[in-house]
Amino acid sequence: MSEVLGGYTLTKHFGPTTALAGVDIAIGEAEAVAIMGPSGSGKSTLLHCLAGIMKPDSGEVHLMGQRVDNLGERRRSALRRTRFGFVFQFGQLLPELPAEENVALPLMLGGVSRTQAVRQARDWFGPLGLQGMEGRRPGELSGGQAQRVAIARALVTKPAVVFADEPTGALDQSTGHDTMRLLVEATKHNGASLVVVTHDPNVAGWCDRTVEVRDGRLSGSAVPDQTFTQLLPGVQA
Ligand code: ADP
């Protein structure tokens, strides 16, 4: 199956404001898609609808062929915890917990014992260039290191899709570049798809495809590239 996540004719209004005016988008397997557009164009609303954080007013969201937008809050919350990973602009790590427990947290919330969750969490530190940082609290990490901890936390549950909202927005250019490369590589390496909201064309440049949101509508290719899907084993374009 080429499509992992799909949004169909999504609309969302806030009072008189139309945030989404009928958006169709499909995200392919292990595909990285950048969502760009001016401030206020509807990027975050689209990400929140796709990730089950917000319900669209109309339209549907499907994950691996299953409709998910109409699930109740409890099941959408479980879906976010088990099938999705999240990386935000400022990491949003818990300051009082050491890095390894921040990474272990989604596993513990899913019922894995603390010892087992921390053991699994530690496996991510080496590949993400964080060896020796396991016991540090977020305040003792650089911005780039903290974002790598956030990437590990997003991937530790082996999600189908990682959502990132301006993941390098608080970093300098060179650190942002390295962080984005790691985010794309680590996500693909784990077979997950990536949806990144960004203002930065350099960040979008790391992705397989960019879509533009303007006034709640999408321009750019709403479906995975033919060339891209042809590259995926077992996937028919
Ligand atoms: P972007 O992420 O592209 O900056 P958003 O999706 O945050 O845009 O917002 C799209 C539009 O919806 C904007 O006009 C914004 O002011 C409005 N909006 C977003 N969230 C809310 C909200 N919770 N309440 C009222 N208006 C909102």
# chains A, B, ... in the order shown; residues from 1 in each chain; ligands from 1

$ residues_near_ligand --ligand "ligand 1" --cutoff "12 Å" --atoms "only C-alpha atoms and all ligand atoms" --output "PyMOL selection string"
chain A and resi 11-21+35-49+53-56+164-166+196-199+212-218

$ select_by_dssp --residues "segment 132-217 of chain A" --states "strand (DSSP E or B)" --output "PyMOL selection string"
chain A and resi 161-165+193-197+209-214+217

$ residues_around --residues "Gln116 of chain A" --least-positions-apart "6" --cutoff "9 Å" --atoms "only C-alpha atoms" --output "NGL selection string"
:A and (104 or 107-108)

$ residues_around --residues "Glu140 of chain A" --least-positions-apart "6" --cutoff "10 Å" --atoms "only C-alpha atoms" --output "PDB file with N, CA and C atoms, in the first residue's frame"
ATOM      1  N   PRO A  95      11.328  19.061  31.878  1.00  0.00           N
ATOM      2  CA  PRO A  95      12.611  19.543  32.404  1.00  0.00           C
ATOM      3  C   PRO A  95      13.120  18.766  33.611  1.00  0.00           C
ATOM      4  N   PRO A  98      15.473  13.108  33.390  1.00  0.00           N
ATOM      5  CA  PRO A  98      16.661  12.927  32.568  1.00  0.00           C
ATOM      6  C   PRO A  98      16.254  12.549  31.130  1.00  0.00           C
ATOM      7  N   ALA A  99      17.178  12.804  30.202  1.00  0.00           N
ATOM      8  CA  ALA A  99      16.893  12.593  28.777  1.00  0.00           C
ATOM      9  C   ALA A  99      16.333  11.192  28.517  1.00  0.00           C
ATOM     10  N   MET A 133      24.680  11.240  27.081  1.00  0.00           N
ATOM     11  CA  MET A 133      23.709  12.283  27.466  1.00  0.00           C
ATOM     12  C   MET A 133      22.496  11.701  28.195  1.00  0.00           C
ATOM     13  N   ALA A 146      18.812  18.671  22.513  1.00  0.00           N
ATOM     14  CA  ALA A 146      17.442  18.509  23.022  1.00  0.00           C
ATOM     15  C   ALA A 146      16.503  18.073  21.880  1.00  0.00           C
TER      16      ALA A 146
END

$ closest_residue --among "A:Thr210, A:Val103, A:His177, A:Asn190" --to "Arg122 of chain A" --atoms "only C-alpha atoms"
A:Val103
